[in-house]
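Working notes, structure below.
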Amino acid sequence: MTKLFNDKNKSGLTRDLIEALFPMFEEASAGAIAVDQDGCITWINHSYGRLLGLTDLEGALGKPVRQVIPHTRMPEVVSSGKPLLLDIMEHDHQQLVVTRVPFFDDTGTVQGAVAFVLYDDLQPLTPLVAKYRRLHQDLAAARKALAKKARGTRYSLGDFVGASPPALEVKRRARLAAGRDMPVLLLGETGTGKEVLAQAIHSVSARADKPFVGVNVAAIPDNLLEAEFFGVAPGAYTGADRRNREGKFQLANGGTLFLDEVGDMPLPLQAKLLRALQEGEVEPLGSNKVDQVDVRVIAATSRNLEAMIEDGGFRSDLYYRLNVLEIPIPPLRERLADLGVLCEAILGEICENLGMHAEITDAGVSALGSYDWPGNIRELRNVLERALTMSEEGGLLDADAVFKVLPKGRRRSHSSLAPQPIRPLARTLADAEAQAIEEALVASRGNRTRAAKLLGISRSVLYEKLAKMS
């Protein structure tokens, strides 16, 4: 039998053999193409040109193949010298089954590669393609589940809802924090969304594929905090596990550690935390061994750390270490303009879990705006959930439905003794009119006919004014 390869070339097909077999492969395929050792097109037939939508085949010659076929793996075949005998390639909403083969010179050096489109219609391969897609779906689901198990994040920057100037400033600073690997201090009352923002910063940072580990300092007893942060060596104390127990720093290594309510941390632990941040190393409880860690810290608190420093309750050096980039998160009462979009987002989440549909009227939003919201967005969610539970209108929340569940007291005051800047009279009158209409709607529990009577105007005039306000 004649040898297919000489002694010098045992790597694969030679150019001469490829040229001999090429007419047969081309006739049996739906398209063919060849590239040189630089991955540039040297030849393409008309049937492949039609599949690719090329009108000028001559113009494609000499071009890098990925300029013409973006998802091709021909350069990979040329660089590795290994064939890809069966592959599904997507091009311009088409799925093509292709085979790619390199060819060599007499010394065994790759000279280029050829590819043939075996199928341009996947109908005969429906069982194979269906199995391929199922495997892709299963793989995506498995990766998603592993990401959650591996301490991933649930929230992105889009989950911090709001378009008012204070909310937009928070998002601007969050994007700035995401692009820089530095400590961040989030300041805000409870329920303002500090953890949502911390996860959002991590999810768009360079550490996004690494762990996000959150710990609420206020929820852990003081005598367990050190072990929780730095881990425990085997047998460190009576009842300790015989295996090494990793702390939050070790679990977050390479990623982000979120310290919620950092203002509640006892002073002795503050010194150890400072050292961990400065040196990038932690010492597990009961161990003489030091573990190197690379952790980006995002801290949050609802307390006034500067006042605590003056009172000796918080270390100033730790404060300056944590407060490289500060992001104040305004309370809900300072961004009531976001109430509408917040209600829409929260009701969407609630309804998705309950499998129902719900809406809130303008009067319902106005009723919510009459409250001071000491619990901020967390309290808003609670009020909306209770309003839906108590609603008899099939998921339509109006002012009456809101007032039924809104806590008594804590009404928002519209007046202020602080001096205000002088504004044009027309603007002042327009604002006063809008405020009067809002108060009338609240007082009438959203009944526009009653609101018009309280204001001493006709209902049609009220509708006109509401249209101008929207």
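Every chain in the structure tokens has a letter given in the order shown (A, B, ...), and although residue numbers restart at 1 in each chain, ligands are simply numbered from 1 in the order shown.
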**Message:** If you run DSSP on the backbone here, which positions in stretch 15-230 of chain A get alpha helix (DSSP H)? Please write them as a ChimeraX atom specification.
**Reply:** /A:15-28,46-52,57-60,65-68,74-80,126-149,165-178,194-203,222-230
Per residue of stretch 196-239 of chain A within 10 Å of stretch 181-187 of chain A, note the shortest atom pair and the distance in Å to one decimal, counting only C-alpha atoms, and order the rows by chain and increasing residue number, as CSV.
residue,atom,partner,partner_atom,distance
A:Leu197,CA,A:Leu186,CA,8.5
A:Ala198,CA,A:Leu186,CA,8.1
A:Ile201,CA,A:Val184,CA,9.6
A:His202,CA,A:Asp181,CA,10.0
A:Ser205,CA,A:Asp181,CA,7.9
A:Ala206,CA,A:Asp181,CA,7.9
A:Arg207,CA,A:Asp181,CA,8.7
I'd like the contact shell of A:Leu318 - 10 Å cut-off, only C-alpha atoms, skipping same-chain residues fewer than 2 positions apart - returned as a short mmCIF file (atom, residue, chain, number, x, y, z; two decimals) with all heavy atoms, in the first residue's frame.
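Saved file out.cif follows:
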data_model
loop_
_atom_site.label_atom_id
_atom_site.label_comp_id
_atom_site.auth_asym_id
_atom_site.auth_seq_id
_atom_site.Cartn_x
_atom_site.Cartn_y
_atom_site.Cartn_z
N GLN A 270 -11.56 46.14 66.45
CA GLN A 270 -11.24 47.19 65.48
C GLN A 270 -9.74 47.23 65.20
O GLN A 270 -9.32 47.42 64.06
CB GLN A 270 -11.72 48.55 66.00
CG GLN A 270 -13.23 48.71 66.04
CD GLN A 270 -13.65 50.07 66.54
OE1 GLN A 270 -12.91 51.06 66.40
NE2 GLN A 270 -14.82 50.16 67.15
N ALA A 271 -8.93 47.05 66.24
CA ALA A 271 -7.47 47.06 66.06
C ALA A 271 -7.02 45.90 65.18
O ALA A 271 -6.15 46.06 64.31
CB ALA A 271 -6.79 47.00 67.42
N LYS A 272 -7.62 44.72 65.40
CA LYS A 272 -7.23 43.55 64.59
C LYS A 272 -7.72 43.71 63.16
O LYS A 272 -7.04 43.29 62.22
CB LYS A 272 -7.81 42.29 65.22
CG LYS A 272 -7.20 41.98 66.58
CD LYS A 272 -7.69 40.66 67.13
CE LYS A 272 -7.01 40.36 68.48
NZ LYS A 272 -7.42 39.06 69.04
N LEU A 273 -8.89 44.31 62.98
CA LEU A 273 -9.38 44.54 61.62
C LEU A 273 -8.47 45.52 60.89
O LEU A 273 -8.16 45.33 59.71
CB LEU A 273 -10.80 45.09 61.68
CG LEU A 273 -11.42 45.53 60.35
CD1 LEU A 273 -11.52 44.35 59.40
CD2 LEU A 273 -12.79 46.16 60.56
N LEU A 274 -8.01 46.56 61.58
CA LEU A 274 -7.11 47.53 60.97
C LEU A 274 -5.83 46.87 60.49
O LEU A 274 -5.36 47.12 59.38
CB LEU A 274 -6.79 48.65 61.96
CG LEU A 274 -5.83 49.73 61.47
CD1 LEU A 274 -6.42 50.49 60.29
CD2 LEU A 274 -5.48 50.69 62.60
N ARG A 275 -5.29 45.99 61.32
CA ARG A 275 -4.06 45.30 60.93
C ARG A 275 -4.30 44.41 59.71
O ARG A 275 -3.46 44.35 58.79
CB ARG A 275 -3.54 44.45 62.10
CG ARG A 275 -2.32 43.61 61.72
CD ARG A 275 -1.73 42.89 62.91
NE ARG A 275 -0.67 41.99 62.48
CZ ARG A 275 0.55 42.36 62.16
NH1 ARG A 275 0.88 43.64 62.21
NH2 ARG A 275 1.46 41.49 61.77
N LEU A 277 -6.42 44.85 57.35
CA LEU A 277 -6.55 45.68 56.16
C LEU A 277 -5.22 46.26 55.72
O LEU A 277 -4.94 46.37 54.52
CB LEU A 277 -7.55 46.81 56.43
CG LEU A 277 -9.00 46.38 56.72
CD1 LEU A 277 -9.86 47.60 57.03
CD2 LEU A 277 -9.58 45.63 55.54
N GLN A 278 -4.39 46.65 56.69
CA GLN A 278 -3.10 47.27 56.35
C GLN A 278 -2.10 46.26 55.82
O GLN A 278 -1.39 46.52 54.85
CB GLN A 278 -2.53 47.96 57.59
CG GLN A 278 -3.25 49.25 57.95
CD GLN A 278 -2.67 49.90 59.20
OE1 GLN A 278 -2.09 49.23 60.06
NE2 GLN A 278 -2.84 51.21 59.33
N PHE A 314 -15.00 54.64 68.46
CA PHE A 314 -14.53 54.12 67.18
C PHE A 314 -13.14 54.68 66.90
O PHE A 314 -12.89 55.87 67.12
CB PHE A 314 -15.49 54.50 66.04
CG PHE A 314 -15.36 53.62 64.83
CD1 PHE A 314 -16.06 52.43 64.75
CD2 PHE A 314 -14.55 53.98 63.75
CE1 PHE A 314 -15.96 51.60 63.63
CE2 PHE A 314 -14.44 53.18 62.64
CZ PHE A 314 -15.14 51.98 62.58
N ARG A 315 -12.26 53.82 66.41
CA ARG A 315 -10.87 54.22 66.15
C ARG A 315 -10.80 55.14 64.93
O ARG A 315 -11.34 54.82 63.87
CB ARG A 315 -9.99 53.00 65.92
CG ARG A 315 -9.82 52.09 67.13
CD ARG A 315 -8.94 50.91 66.75
NE ARG A 315 -7.62 51.34 66.37
CZ ARG A 315 -6.52 51.19 67.12
NH1 ARG A 315 -6.63 50.63 68.32
NH2 ARG A 315 -5.35 51.59 66.68
N SER A 316 -10.10 56.24 65.09
CA SER A 316 -9.98 57.18 63.98
C SER A 316 -9.15 56.60 62.84
O SER A 316 -9.46 56.82 61.65
CB SER A 316 -9.35 58.49 64.46
OG SER A 316 -8.05 58.26 65.01
N TYR A 320 -10.41 56.23 58.91
CA TYR A 320 -9.74 56.77 57.72
C TYR A 320 -9.36 55.67 56.74
O TYR A 320 -9.28 55.90 55.53
CB TYR A 320 -8.51 57.58 58.14
CG TYR A 320 -8.85 58.78 58.99
CD1 TYR A 320 -8.21 59.00 60.20
CD2 TYR A 320 -9.85 59.66 58.60
CE1 TYR A 320 -8.54 60.10 60.99
CE2 TYR A 320 -10.19 60.75 59.38
CZ TYR A 320 -9.53 60.96 60.58
OH TYR A 320 -9.88 62.03 61.36
N ARG A 321 -9.13 54.46 57.28
CA ARG A 321 -8.80 53.33 56.41
C ARG A 321 -10.03 52.88 55.61
O ARG A 321 -9.93 52.52 54.43
CB ARG A 321 -8.28 52.17 57.25
CG ARG A 321 -7.77 50.99 56.44
CD ARG A 321 -6.43 51.28 55.81
NE ARG A 321 -5.99 50.23 54.92
CZ ARG A 321 -4.86 50.24 54.24
NH1 ARG A 321 -4.05 51.28 54.34
NH2 ARG A 321 -4.54 49.26 53.44
N LEU A 322 -11.18 52.90 56.27
CA LEU A 322 -12.41 52.45 55.61
C LEU A 322 -13.01 53.52 54.72
O LEU A 322 -13.61 53.22 53.68
CB LEU A 322 -13.45 52.05 56.67
CG LEU A 322 -13.13 50.83 57.54
CD1 LEU A 322 -14.19 50.67 58.61
CD2 LEU A 322 -13.06 49.57 56.68
N ASN A 323 -12.85 54.79 55.10
CA ASN A 323 -13.52 55.89 54.42
C ASN A 323 -12.65 56.50 53.33
O ASN A 323 -12.38 57.70 53.33
CB ASN A 323 -13.94 56.94 55.44
CG ASN A 323 -14.88 57.98 54.84
OD1 ASN A 323 -15.45 57.74 53.79
ND2 ASN A 323 -15.03 59.10 55.50
#
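Between atom CA of A:Gly214 and atom CA of A:Tyr155 lies a distance of 13.1 Å.
Taking atom CA of A:Gly348 and atom CA of A:Leu380 as endpoints, the distance between them is 13.7 Å.
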**stretch 39-50 of chain A surroundings by only C-alpha atoms, 8 Å radius, close-in-sequence under 3 positions cut, as a list of chain:residue names** = A:Ala30, A:Gly31, A:Ala32, A:Ile33, A:Ala34, A:Val35, A:Asp36, A:Gly53, A:Leu54, A:Thr55, A:Leu57, A:Ala60, A:Leu61, A:Gly62, A:Lys63, A:Pro64, A:Val65, A:Met74, A:Pro75, A:Val78, A:Gly112, A:Val117
Using N, CA, C and O atoms, can you write the selected residues to a file as a PDB file, in the first residue's frame?
ATOM      1  N   ALA A  30     -21.690  22.028   1.321  1.00  0.00           N
ATOM      2  CA  ALA A  30     -22.513  23.197   0.989  1.00  0.00           C
ATOM      3  C   ALA A  30     -21.677  24.458   0.882  1.00  0.00           C
ATOM      4  O   ALA A  30     -22.205  25.551   0.718  1.00  0.00           O
ATOM      5  N   GLY A  31     -20.357  24.330   0.965  1.00  0.00           N
ATOM      6  CA  GLY A  31     -19.468  25.480   0.874  1.00  0.00           C
ATOM      7  C   GLY A  31     -18.080  25.105   1.330  1.00  0.00           C
ATOM      8  O   GLY A  31     -17.901  24.183   2.150  1.00  0.00           O
ATOM      9  N   ALA A  32     -17.061  25.781   0.811  1.00  0.00           N
ATOM     10  CA  ALA A  32     -15.683  25.476   1.168  1.00  0.00           C
ATOM     11  C   ALA A  32     -14.862  26.748   1.172  1.00  0.00           C
ATOM     12  O   ALA A  32     -15.156  27.712   0.452  1.00  0.00           O
ATOM     13  N   ILE A  33     -13.791  26.745   2.007  1.00  0.00           N
ATOM     14  CA  ILE A  33     -12.923  27.911   2.137  1.00  0.00           C
ATOM     15  C   ILE A  33     -11.535  27.431   2.531  1.00  0.00           C
ATOM     16  O   ILE A  33     -11.376  26.353   3.131  1.00  0.00           O
ATOM     17  N   ALA A  34     -10.509  28.208   2.170  1.00  0.00           N
ATOM     18  CA  ALA A  34      -9.136  27.890   2.544  1.00  0.00           C
ATOM     19  C   ALA A  34      -8.450  29.144   3.061  1.00  0.00           C
ATOM     20  O   ALA A  34      -8.735  30.257   2.606  1.00  0.00           O
ATOM     21  N   VAL A  35      -7.545  28.953   4.049  1.00  0.00           N
ATOM     22  CA  VAL A  35      -6.768  30.061   4.597  1.00  0.00           C
ATOM     23  C   VAL A  35      -5.302  29.669   4.628  1.00  0.00           C
ATOM     24  O   VAL A  35      -4.961  28.475   4.610  1.00  0.00           O
ATOM     25  N   ASP A  36      -4.418  30.676   4.677  1.00  0.00           N
ATOM     26  CA  ASP A  36      -2.989  30.402   4.759  1.00  0.00           C
ATOM     27  C   ASP A  36      -2.549  30.330   6.218  1.00  0.00           C
ATOM     28  O   ASP A  36      -3.378  30.363   7.136  1.00  0.00           O
ATOM     29  N   GLY A  53     -23.479  35.557   2.387  1.00  0.00           N
ATOM     30  CA  GLY A  53     -24.031  36.806   1.883  1.00  0.00           C
ATOM     31  C   GLY A  53     -22.984  37.690   1.241  1.00  0.00           C
ATOM     32  O   GLY A  53     -23.138  38.918   1.199  1.00  0.00           O
ATOM     33  N   LEU A  54     -21.907  37.085   0.694  1.00  0.00           N
ATOM     34  CA  LEU A  54     -20.837  37.854   0.055  1.00  0.00           C
ATOM     35  C   LEU A  54     -21.161  38.051  -1.421  1.00  0.00           C
ATOM     36  O   LEU A  54     -21.468  37.089  -2.134  1.00  0.00           O
ATOM     37  N   THR A  55     -21.080  39.264  -1.887  1.00  0.00           N
ATOM     38  CA  THR A  55     -21.296  39.551  -3.307  1.00  0.00           C
ATOM     39  C   THR A  55     -19.983  39.683  -4.068  1.00  0.00           C
ATOM     40  O   THR A  55     -19.940  39.519  -5.277  1.00  0.00           O
ATOM     41  N   LEU A  57     -16.503  37.993  -3.998  1.00  0.00           N
ATOM     42  CA  LEU A  57     -15.595  36.971  -3.486  1.00  0.00           C
ATOM     43  C   LEU A  57     -14.138  37.397  -3.640  1.00  0.00           C
ATOM     44  O   LEU A  57     -13.307  37.113  -2.770  1.00  0.00           O
ATOM     45  N   ALA A  60     -12.827  39.396  -0.804  1.00  0.00           N
ATOM     46  CA  ALA A  60     -12.597  38.698   0.464  1.00  0.00           C
ATOM     47  C   ALA A  60     -11.212  38.078   0.521  1.00  0.00           C
ATOM     48  O   ALA A  60     -10.688  37.816   1.618  1.00  0.00           O
ATOM     49  N   LEU A  61     -10.604  37.834  -0.628  1.00  0.00           N
ATOM     50  CA  LEU A  61      -9.289  37.196  -0.654  1.00  0.00           C
ATOM     51  C   LEU A  61      -8.234  38.086  -0.009  1.00  0.00           C
ATOM     52  O   LEU A  61      -8.186  39.292  -0.256  1.00  0.00           O
ATOM     53  N   GLY A  62      -7.389  37.488   0.804  1.00  0.00           N
ATOM     54  CA  GLY A  62      -6.327  38.221   1.486  1.00  0.00           C
ATOM     55  C   GLY A  62      -6.738  38.813   2.821  1.00  0.00           C
ATOM     56  O   GLY A  62      -5.893  39.270   3.587  1.00  0.00           O
ATOM     57  N   LYS A  63      -8.036  38.810   3.112  1.00  0.00           N
ATOM     58  CA  LYS A  63      -8.509  39.358   4.380  1.00  0.00           C
ATOM     59  C   LYS A  63      -8.379  38.315   5.490  1.00  0.00           C
ATOM     60  O   LYS A  63      -8.530  37.107   5.234  1.00  0.00           O
ATOM     61  N   PRO A  64      -8.121  38.737   6.732  1.00  0.00           N
ATOM     62  CA  PRO A  64      -8.184  37.794   7.854  1.00  0.00           C
ATOM     63  C   PRO A  64      -9.565  37.155   7.893  1.00  0.00           C
ATOM     64  O   PRO A  64     -10.585  37.835   7.762  1.00  0.00           O
ATOM     65  N   VAL A  65      -9.614  35.851   8.086  1.00  0.00           N
ATOM     66  CA  VAL A  65     -10.878  35.132   7.967  1.00  0.00           C
ATOM     67  C   VAL A  65     -11.913  35.595   8.985  1.00  0.00           C
ATOM     68  O   VAL A  65     -13.115  35.574   8.726  1.00  0.00           O
ATOM     69  N   MET A  74     -11.063  28.854  12.458  1.00  0.00           N
ATOM     70  CA  MET A  74      -9.953  28.526  11.553  1.00  0.00           C
ATOM     71  C   MET A  74      -8.592  28.956  12.117  1.00  0.00           C
ATOM     72  O   MET A  74      -7.625  28.194  12.033  1.00  0.00           O
ATOM     73  N   PRO A  75      -8.461  30.177  12.674  1.00  0.00           N
ATOM     74  CA  PRO A  75      -7.163  30.541  13.248  1.00  0.00           C
ATOM     75  C   PRO A  75      -6.711  29.570  14.343  1.00  0.00           C
ATOM     76  O   PRO A  75      -5.514  29.308  14.498  1.00  0.00           O
ATOM     77  N   VAL A  78      -5.213  26.549  12.601  1.00  0.00           N
ATOM     78  CA  VAL A  78      -3.886  26.865  12.050  1.00  0.00           C
ATOM     79  C   VAL A  78      -2.836  26.912  13.162  1.00  0.00           C
ATOM     80  O   VAL A  78      -1.725  26.388  13.005  1.00  0.00           O
ATOM     81  N   GLY A 112      -1.606  26.082   6.373  1.00  0.00           N
ATOM     82  CA  GLY A 112      -2.927  26.688   6.302  1.00  0.00           C
ATOM     83  C   GLY A 112      -3.980  25.684   6.724  1.00  0.00           C
ATOM     84  O   GLY A 112      -3.684  24.680   7.377  1.00  0.00           O
ATOM     85  N   VAL A 117     -18.490  23.184   4.728  1.00  0.00           N
ATOM     86  CA  VAL A 117     -19.801  23.229   5.376  1.00  0.00           C
ATOM     87  C   VAL A 117     -20.519  21.935   5.044  1.00  0.00           C
ATOM     88  O   VAL A 117     -20.901  21.702   3.895  1.00  0.00           O
TER      89      VAL A 117
END
**Asked** Near stretch 224-229 of chain A, counting only C-alpha atoms, which residues have an atom at most 8 Å away, once you skip same-chain residues fewer than 2 positions from it, shown as a VMD selection string?
**Response** chain A and resid 217 220 to 222 231 to 232 247 to 249 269 284 to 285
**Message:** Can you tell me which residues surround A:Ile377 at a distance of at most 9 Å, considering only C-alpha atoms, apart from same-chain residues fewer than 6 positions away, and format the answer as an MDAnalysis selection string?
**Reply:** chainID A and resid 190:193 331:332 342
So that I have them on file, write out the residues from the current selection with all heavy atoms, as a tab-separated table (two decimals), in the first residue's frame.
chain	number	residue	atom	x	y	z
A	190	THR	N	-31.10	52.73	58.43
A	190	THR	CA	-31.50	51.35	58.18
A	190	THR	C	-32.61	51.31	57.14
A	190	THR	O	-33.51	52.15	57.12
A	190	THR	CB	-31.98	50.69	59.48
A	190	THR	OG1	-32.37	49.34	59.20
A	190	THR	CG2	-33.15	51.41	60.10
A	191	GLY	N	-32.52	50.34	56.23
A	191	GLY	CA	-33.54	50.17	55.21
A	191	GLY	C	-33.36	50.99	53.96
A	191	GLY	O	-34.23	51.00	53.09
A	192	THR	N	-32.24	51.70	53.82
A	192	THR	CA	-32.04	52.55	52.63
A	192	THR	C	-31.44	51.79	51.45
A	192	THR	O	-31.34	52.34	50.36
A	192	THR	CB	-31.12	53.75	52.97
A	192	THR	OG1	-29.94	53.27	53.63
A	192	THR	CG2	-31.85	54.73	53.87
A	193	GLY	N	-31.01	50.54	51.66
A	193	GLY	CA	-30.48	49.74	50.55
A	193	GLY	C	-28.97	49.67	50.51
A	193	GLY	O	-28.38	49.60	49.43
A	331	PRO	N	-32.12	59.13	52.98
A	331	PRO	CA	-33.33	58.43	53.41
A	331	PRO	C	-34.46	58.65	52.41
A	331	PRO	O	-34.41	59.58	51.60
A	331	PRO	CB	-33.63	59.07	54.76
A	331	PRO	CG	-33.00	60.42	54.71
A	331	PRO	CD	-31.78	60.27	53.85
A	332	LEU	N	-35.48	57.82	52.49
A	332	LEU	CA	-36.58	57.89	51.53
A	332	LEU	C	-37.30	59.23	51.60
A	332	LEU	O	-37.75	59.75	50.57
A	332	LEU	CB	-37.56	56.74	51.80
A	332	LEU	CG	-38.77	56.63	50.87
A	332	LEU	CD1	-38.33	56.58	49.41
A	332	LEU	CD2	-39.61	55.42	51.23
A	342	LEU	N	-40.27	53.37	42.75
A	342	LEU	CA	-40.01	52.39	43.81
A	342	LEU	C	-41.22	51.47	44.00
A	342	LEU	O	-41.06	50.25	44.11
A	342	LEU	CB	-39.67	53.10	45.12
A	342	LEU	CG	-38.24	53.63	45.26
A	342	LEU	CD1	-38.13	54.57	46.46
A	342	LEU	CD2	-37.25	52.49	45.40
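Going from atom CA of A:Phe258 over to atom CA of A:Glu352, you cover 28.3 Å.
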**Request:** Run DSSP on the backbone and grab whatever in stretch 112-334 of chain A lands in strand (DSSP E); send it over as a PyMOL selection string.
**Result:** chain A and resi 112-119+184-187+212-216+256-260+281-282+291-292+296-301+325-328
**Message:** When you look at A:Glu438 with a cut-off of 9 Å (counting only C-alpha atoms), what residues show up, excluding the ones that are within fewer than 4 positions of it in the same chain? I need them as a ChimeraX atom specification.
**Reply:** /A:363,366-367,433-434,442-443
**Nearest candidate to A:Phe230 (options A:Ala208, A:Leu257, A:Val282, A:Leu429; using only C-alpha atoms)** = A:Val282
